[in-house]
>>> print(open('start_14.cif').read())   # mmCIF, C-alpha atoms and all ligand atoms
data_structure
loop_
_atom_site.label_atom_id
_atom_site.label_comp_id
_atom_site.auth_asym_id
_atom_site.auth_seq_id
_atom_site.Cartn_x
_atom_site.Cartn_y
_atom_site.Cartn_z
CA MET Q 36 54.29 107.09 10.95
CA TYR Q 37 52.50 103.86 10.12
CA PHE Q 38 54.14 100.50 9.82
CA CYS Q 39 52.12 98.11 7.79
CA CYS Q 40 52.61 94.42 8.26
CA THR Q 41 50.49 92.09 6.15
CA MET Q 42 50.56 88.42 7.09
CA MET Q 43 50.17 86.47 3.87
CA SER Q 44 48.54 83.14 4.55
CA LEU Q 45 49.77 80.10 2.65
CA ASN Q 46 47.42 77.91 0.64
CA ASN Q 47 47.28 74.18 1.31
CA SER Q 48 49.59 73.22 -1.52
CA GLU Q 49 52.22 75.71 -0.26
CA ILE Q 50 51.76 74.32 3.26
CA LEU Q 51 52.27 70.75 2.03
CA LYS Q 52 55.38 71.72 0.07
CA GLU Q 53 56.91 73.19 3.22
CA VAL Q 54 55.85 70.21 5.37
CA LYS Q 55 57.62 67.93 2.88
CA ASN Q 56 60.80 70.06 3.15
CA ILE Q 57 60.67 70.07 6.94
CA LEU Q 58 60.26 66.30 7.12
CA GLU Q 59 62.97 65.55 4.57
CA LYS Q 60 65.48 67.83 6.32
CA SER Q 61 64.93 65.93 9.58
CA LYS Q 62 65.39 62.35 8.42
CA VAL Q 63 68.15 61.77 10.99
CA ASP Q 64 66.00 63.15 13.82
CA ILE Q 65 62.41 62.13 13.24
CA LEU Q 66 61.09 63.52 16.52
CA SER Q 67 62.52 66.91 15.66
CA GLY Q 68 60.94 66.70 12.17
CA LEU Q 69 57.54 65.86 13.65
CA LYS Q 70 57.82 68.65 16.21
CA LYS Q 71 58.76 71.19 13.51
CA CYS Q 72 55.83 70.00 11.40
CA CYS Q 73 53.45 70.55 14.37
CA SER Q 74 54.83 74.06 14.99
CA PHE Q 75 54.62 74.96 11.29
CA LEU Q 76 50.98 73.85 11.01
CA LYS Q 77 50.01 75.64 14.24
CA GLU Q 78 51.71 78.88 13.17
CA ASN Q 79 50.24 78.88 9.65
CA ILE Q 80 46.65 77.82 10.21
CA SER Q 81 44.84 80.26 12.45
CA HIS Q 82 42.25 77.82 13.81
CA PHE Q 83 44.90 75.19 14.76
CA ASP Q 84 45.67 75.95 18.43
CA TRP Q 85 47.26 72.62 19.36
CA VAL Q 86 48.82 70.10 16.96
CA GLY Q 87 50.24 66.74 17.98
CA PHE Q 88 51.24 63.30 16.73
CA TYR Q 89 50.28 60.21 18.72
CA PHE Q 90 51.65 56.76 17.83
CA ALA Q 91 50.25 53.36 18.76
CA ASP Q 92 51.80 50.93 21.20
CA PHE Q 93 49.95 47.82 20.03
CA GLN Q 94 51.19 45.63 22.89
CA ASN Q 95 49.71 47.89 25.56
CA LYS Q 96 46.83 49.14 23.36
CA ASN Q 97 47.83 52.74 23.99
CA LEU Q 98 48.54 55.87 22.00
CA ASN Q 99 51.65 57.79 23.05
CA LEU Q 100 52.20 61.47 22.34
CA LYS Q 101 55.52 61.83 20.50
CA ALA Q 102 55.52 65.43 19.25
CA PHE Q 103 53.30 68.47 19.67
CA SER Q 104 53.06 72.24 19.50
CA GLY Q 105 50.83 74.19 21.87
CA MET Q 106 50.09 73.98 25.57
CA PRO Q 107 51.57 70.91 27.31
CA THR Q 108 48.95 68.23 27.99
CA ASP Q 109 48.60 65.64 30.78
CA HIS Q 110 47.24 63.20 28.17
CA THR Q 111 50.50 61.87 26.83
CA SER Q 112 49.20 58.30 26.90
CA ILE Q 113 45.64 57.43 25.77
CA PRO Q 114 44.16 53.90 25.86
CA PHE Q 115 42.64 52.63 22.59
CA GLY Q 116 38.91 53.39 22.63
CA GLU Q 117 39.14 56.36 25.00
CA GLY Q 118 38.51 59.92 23.89
CA ILE Q 119 38.42 61.08 20.29
CA CYS Q 120 42.00 59.88 19.71
CA GLY Q 121 41.40 56.45 21.22
CA GLN Q 122 38.29 55.99 19.06
CA VAL Q 123 40.25 56.82 15.90
CA ALA Q 124 42.86 54.20 16.89
CA LEU Q 125 40.05 51.62 16.53
CA SER Q 126 37.89 53.08 13.75
CA ASN Q 127 40.73 53.93 11.29
CA LYS Q 128 38.63 56.92 10.23
CA ASN Q 129 38.89 60.69 10.47
CA PHE Q 130 36.93 62.11 13.40
CA MET Q 131 35.79 65.72 13.15
CA VAL Q 132 34.23 67.19 16.29
CA PRO Q 133 32.71 70.64 15.69
CA ASN Q 134 31.76 71.02 19.37
CA VAL Q 135 33.54 68.93 22.01
CA LYS Q 136 30.70 69.57 24.50
CA GLU Q 137 28.49 67.31 22.41
CA GLN Q 138 30.81 64.28 22.78
CA ASP Q 139 30.44 61.81 25.66
CA ASN Q 140 33.66 59.93 24.94
CA TYR Q 141 35.98 62.94 25.00
CA ILE Q 142 39.14 63.66 27.02
CA ALA Q 143 39.44 67.37 27.84
CA CYS Q 144 42.96 68.80 27.65
CA SER Q 145 42.13 72.45 28.25
CA ILE Q 146 39.00 74.47 29.00
CA ASN Q 147 39.82 76.65 25.98
CA VAL Q 148 39.40 73.84 23.45
CA LYS Q 149 36.05 73.89 21.64
CA SER Q 150 36.58 71.54 18.70
CA GLU Q 151 38.89 68.78 17.52
CA LEU Q 152 39.94 66.97 14.35
CA VAL Q 153 41.83 63.67 14.41
CA VAL Q 154 43.14 61.98 11.24
CA PRO Q 155 44.77 58.52 11.30
CA LEU Q 156 48.25 57.88 9.94
CA PHE Q 157 48.75 54.68 7.97
CA ILE Q 158 51.87 52.72 7.08
CA GLU Q 159 51.11 50.24 4.30
CA GLY Q 160 47.42 50.36 5.19
CA LYS Q 161 47.89 49.88 8.95
CA ASN Q 162 46.68 52.59 11.34
CA VAL Q 163 49.82 53.28 13.42
CA GLY Q 164 49.11 56.75 14.77
CA GLN Q 165 47.35 60.00 14.14
CA ILE Q 166 47.55 63.74 13.93
CA ASP Q 167 45.37 65.51 16.47
CA ILE Q 168 44.25 69.13 16.12
CA ASP Q 169 42.54 71.14 18.85
CA SER Q 170 40.90 74.47 18.13
CA ASN Q 171 39.69 77.17 20.48
CA LYS Q 172 37.00 78.04 17.91
CA LEU Q 173 33.62 76.39 17.52
CA ASP Q 174 33.07 74.43 14.30
CA PRO Q 175 36.16 75.73 12.44
CA PHE Q 176 37.17 72.63 10.46
CA SER Q 177 36.45 71.95 6.79
CA LYS Q 178 36.89 69.13 4.30
CA GLU Q 179 39.98 71.07 3.12
CA ASP Q 180 41.51 70.68 6.59
CA GLU Q 181 40.82 66.93 6.50
CA LEU Q 182 42.47 66.63 3.07
CA LEU Q 183 45.45 68.67 4.23
CA LEU Q 184 45.94 66.51 7.33
CA GLU Q 185 45.53 63.28 5.33
CA ALA Q 186 48.25 64.53 2.97
CA CYS Q 187 50.49 65.49 5.93
CA CYS Q 188 50.07 62.03 7.46
CA ASP Q 189 50.88 60.51 4.08
CA LEU Q 190 54.08 62.56 3.83
CA VAL Q 191 55.11 61.55 7.37
CA SER Q 192 54.44 57.90 6.55
CA LYS Q 193 56.31 58.00 3.20
CA THR Q 194 59.26 60.00 4.57
CA TYR Q 195 59.89 58.04 7.77
CA GLY Q 196 58.19 54.68 7.15
CA ASN Q 197 58.65 51.92 9.72
CA SER Q 198 61.04 54.05 11.81
CA LEU Q 199 57.85 55.66 13.14
CA LEU Q 200 57.16 52.41 14.98
CA ARG Q 201 60.35 52.71 17.03
CA LEU Q 202 60.08 56.31 18.30
N1 LIG J 1 40.92 65.47 23.29
C1 LIG J 1 41.62 64.27 22.99
C2 LIG J 1 42.76 64.05 23.95
C3 LIG J 1 44.05 64.58 23.49
S1 LIG J 1 44.16 66.25 23.61
O1 LIG J 1 43.24 66.86 22.64
C4 LIG J 1 45.69 66.81 23.37
C5 LIG J 1 40.67 63.09 23.00
O2 LIG J 1 39.52 63.21 23.38
O3 LIG J 1 41.12 62.01 22.62
#
>>> encode(input="start_14.cif", output="structure tokens", more="lines below")
Ligand code: SME
Amino acid sequence: MYFCCTMMSLNNSEILKEVKNILEKSKVDILSGLKKCCSFLKENISHFDWVGFYFADFQNKNLNLKAFSGMPTDHTSIPFGEGICGQVALSNKNFMVPNVKEQDNYIACSINVKSELVVPLFIEGKNVGQIDIDSNKLDPFSKEDELLLEACCDLVSKTYGNSLLRL
């Protein structure tokens, strides 16, 4: 007897709808909402192997990891300017890295990671954090992924606002 199980993948608008639901349901526990959002993205996008949110500590010029899904990392605190994440804290721009081996200013979290995409998160135009995606595939990211992550960051910003600065 055969059991057939077809995994239907969600399109980006379905993913965003669910992210919005997840965030709104967790307004009293923002960290839990962010963590659920990371897990949902990792489970539903096959080339997302690690998903995390870092937020800026402007006094100490550091990014602090507040929520993630995937293997635990030693890099829970990253100085501005260091690695892909630290560069995005200063540039305010998306940073897509198709092959991490080609980057000099890169902080390795795992030998399995081959590529990375970091998208800044803005509150009223100020870069206060970012979503960081690691992939174990080479060159897997597209413009669609960037747009999806920009929209996710926008939802996080609009749902939680300035509370994100006090996590
Ligand atoms: N690779 C990142 C460090 C964070 S880990 O990917 C979780 C960087 O170069 O900033």
>>> atom_distance(input="start_14.cif", atom1="atom CA of Q:Phe90", atom2="atom CA of Q:Leu45")
27.9 Å
>>> residues_near_ligand(input="start_14.cif", ligand="ligand LIG 1 (chain J)", cutoff="10 Å", atoms="all atoms listed in the file", output="ChimeraX atom specification")
/Q:85-89,98,100,103-124,132,135,138-145,148-153,167-170
>>> atom_distance(input="start_14.cif", atom1="atom CA of Q:Phe157", atom2="atom CA of Q:Ile80")
23.3 Å
>>> closest_residue(input="start_14.cif", among="Q:Lys172, Q:Arg201, Q:Lys77, Q:Lys52", to="Q:Asn134", atoms="all atoms listed in the file")
Q:Lys172
>>> atom_distance(input="start_14.cif", atom1="atom CA of Q:Glu53", atom2="atom CA of Q:Ser74")
12.0 Å
>>> residues_around(input="start_14.cif", residues="Q:Leu66", least_positions_apart="4", cutoff="10 Å", atoms="only C-alpha atoms", output="ChimeraX atom specification")
/Q:58,61-62,70-72,88,101-103,199,202
>>> residues_around(input="start_14.cif", residues="Q:Ala91", least_positions_apart="4", cutoff="8 Å", atoms="only C-alpha atoms", output="PyMOL selection string")
chain Q and resi 96-99+124+163-164+200
>>> closest_residue(input="start_14.cif", among="Q:Asn171, Q:Ser192, Q:Asn79, Q:Ser44", to="Q:Ile146", atoms="only C-alpha atoms")
Q:Asn171
>>> closest_residue(input="start_14.cif", among="Q:Met131, Q:Leu156, Q:Met43, Q:Leu173", to="Q:Val191", atoms="only C-alpha atoms")
Q:Leu156
>>> decode(input="start_14.cif", residues="stretch 122-174 of chain Q", atoms="C-alpha atoms", output="PDB file, in the first residue's frame")
ATOM      1  CA  GLN Q 122      27.701  45.894   7.774  1.00  0.00           C
ATOM      2  CA  VAL Q 123      23.922  46.089   7.272  1.00  0.00           C
ATOM      3  CA  ALA Q 124      23.617  47.888  10.633  1.00  0.00           C
ATOM      4  CA  LEU Q 125      25.699  50.682   9.053  1.00  0.00           C
ATOM      5  CA  SER Q 126      24.652  50.573   5.385  1.00  0.00           C
ATOM      6  CA  ASN Q 127      20.850  50.403   5.951  1.00  0.00           C
ATOM      7  CA  LYS Q 128      20.699  48.243   2.823  1.00  0.00           C
ATOM      8  CA  ASN Q 129      19.854  44.633   2.010  1.00  0.00           C
ATOM      9  CA  PHE Q 130      22.947  42.445   1.701  1.00  0.00           C
ATOM     10  CA  MET Q 131      22.652  39.310  -0.424  1.00  0.00           C
ATOM     11  CA  VAL Q 132      25.640  36.960  -0.323  1.00  0.00           C
ATOM     12  CA  PRO Q 133      25.360  34.140  -2.886  1.00  0.00           C
ATOM     13  CA  ASN Q 134      28.610  32.529  -1.681  1.00  0.00           C
ATOM     14  CA  VAL Q 135      29.938  33.322   1.799  1.00  0.00           C
ATOM     15  CA  LYS Q 136      33.426  32.094   0.808  1.00  0.00           C
ATOM     16  CA  GLU Q 137      33.771  35.177  -1.384  1.00  0.00           C
ATOM     17  CA  GLN Q 138      33.274  37.609   1.546  1.00  0.00           C
ATOM     18  CA  ASP Q 139      36.220  38.877   3.615  1.00  0.00           C
ATOM     19  CA  ASN Q 140      34.085  40.551   6.276  1.00  0.00           C
ATOM     20  CA  TYR Q 141      31.993  37.516   7.185  1.00  0.00           C
ATOM     21  CA  ILE Q 142      31.350  35.792  10.527  1.00  0.00           C
ATOM     22  CA  ALA Q 143      30.924  32.026  10.080  1.00  0.00           C
ATOM     23  CA  CYS Q 144      28.249  30.427  12.253  1.00  0.00           C
ATOM     24  CA  SER Q 145      28.387  26.907  10.842  1.00  0.00           C
ATOM     25  CA  ILE Q 146      30.450  25.084   8.227  1.00  0.00           C
ATOM     26  CA  ASN Q 147      27.196  24.089   6.508  1.00  0.00           C
ATOM     27  CA  VAL Q 148      26.211  27.664   5.633  1.00  0.00           C
ATOM     28  CA  LYS Q 149      26.964  28.619   2.019  1.00  0.00           C
ATOM     29  CA  SER Q 150      24.972  31.814   1.508  1.00  0.00           C
ATOM     30  CA  GLU Q 151      23.265  34.568   3.474  1.00  0.00           C
ATOM     31  CA  LEU Q 152      20.662  37.302   3.065  1.00  0.00           C
ATOM     32  CA  VAL Q 153      20.268  40.137   5.567  1.00  0.00           C
ATOM     33  CA  VAL Q 154      17.468  42.739   5.324  1.00  0.00           C
ATOM     34  CA  PRO Q 155      17.277  45.750   7.674  1.00  0.00           C
ATOM     35  CA  LEU Q 156      14.222  46.489   9.799  1.00  0.00           C
ATOM     36  CA  PHE Q 157      13.169  50.122  10.059  1.00  0.00           C
ATOM     37  CA  ILE Q 158      10.994  51.948  12.564  1.00  0.00           C
ATOM     38  CA  GLU Q 159       9.964  55.341  11.187  1.00  0.00           C
ATOM     39  CA  GLY Q 160      12.918  55.265   8.804  1.00  0.00           C
ATOM     40  CA  LYS Q 161      15.529  54.290  11.404  1.00  0.00           C
ATOM     41  CA  ASN Q 162      17.447  51.022  10.978  1.00  0.00           C
ATOM     42  CA  VAL Q 163      16.875  49.307  14.348  1.00  0.00           C
ATOM     43  CA  GLY Q 164      17.538  45.678  13.501  1.00  0.00           C
ATOM     44  CA  GLN Q 165      17.432  43.077  10.795  1.00  0.00           C
ATOM     45  CA  ILE Q 166      16.299  39.672   9.694  1.00  0.00           C
ATOM     46  CA  ASP Q 167      19.158  37.324   8.888  1.00  0.00           C
ATOM     47  CA  ILE Q 168      18.778  34.217   6.722  1.00  0.00           C
ATOM     48  CA  ASP Q 169      21.433  31.530   6.311  1.00  0.00           C
ATOM     49  CA  SER Q 170      21.165  28.885   3.627  1.00  0.00           C
ATOM     50  CA  ASN Q 171      23.063  25.639   3.185  1.00  0.00           C
ATOM     51  CA  LYS Q 172      22.640  26.049  -0.593  1.00  0.00           C
ATOM     52  CA  LEU Q 173      24.853  28.063  -2.915  1.00  0.00           C
ATOM     53  CA  ASP Q 174      23.244  31.108  -4.544  1.00  0.00           C
TER      54      ASP Q 174
END
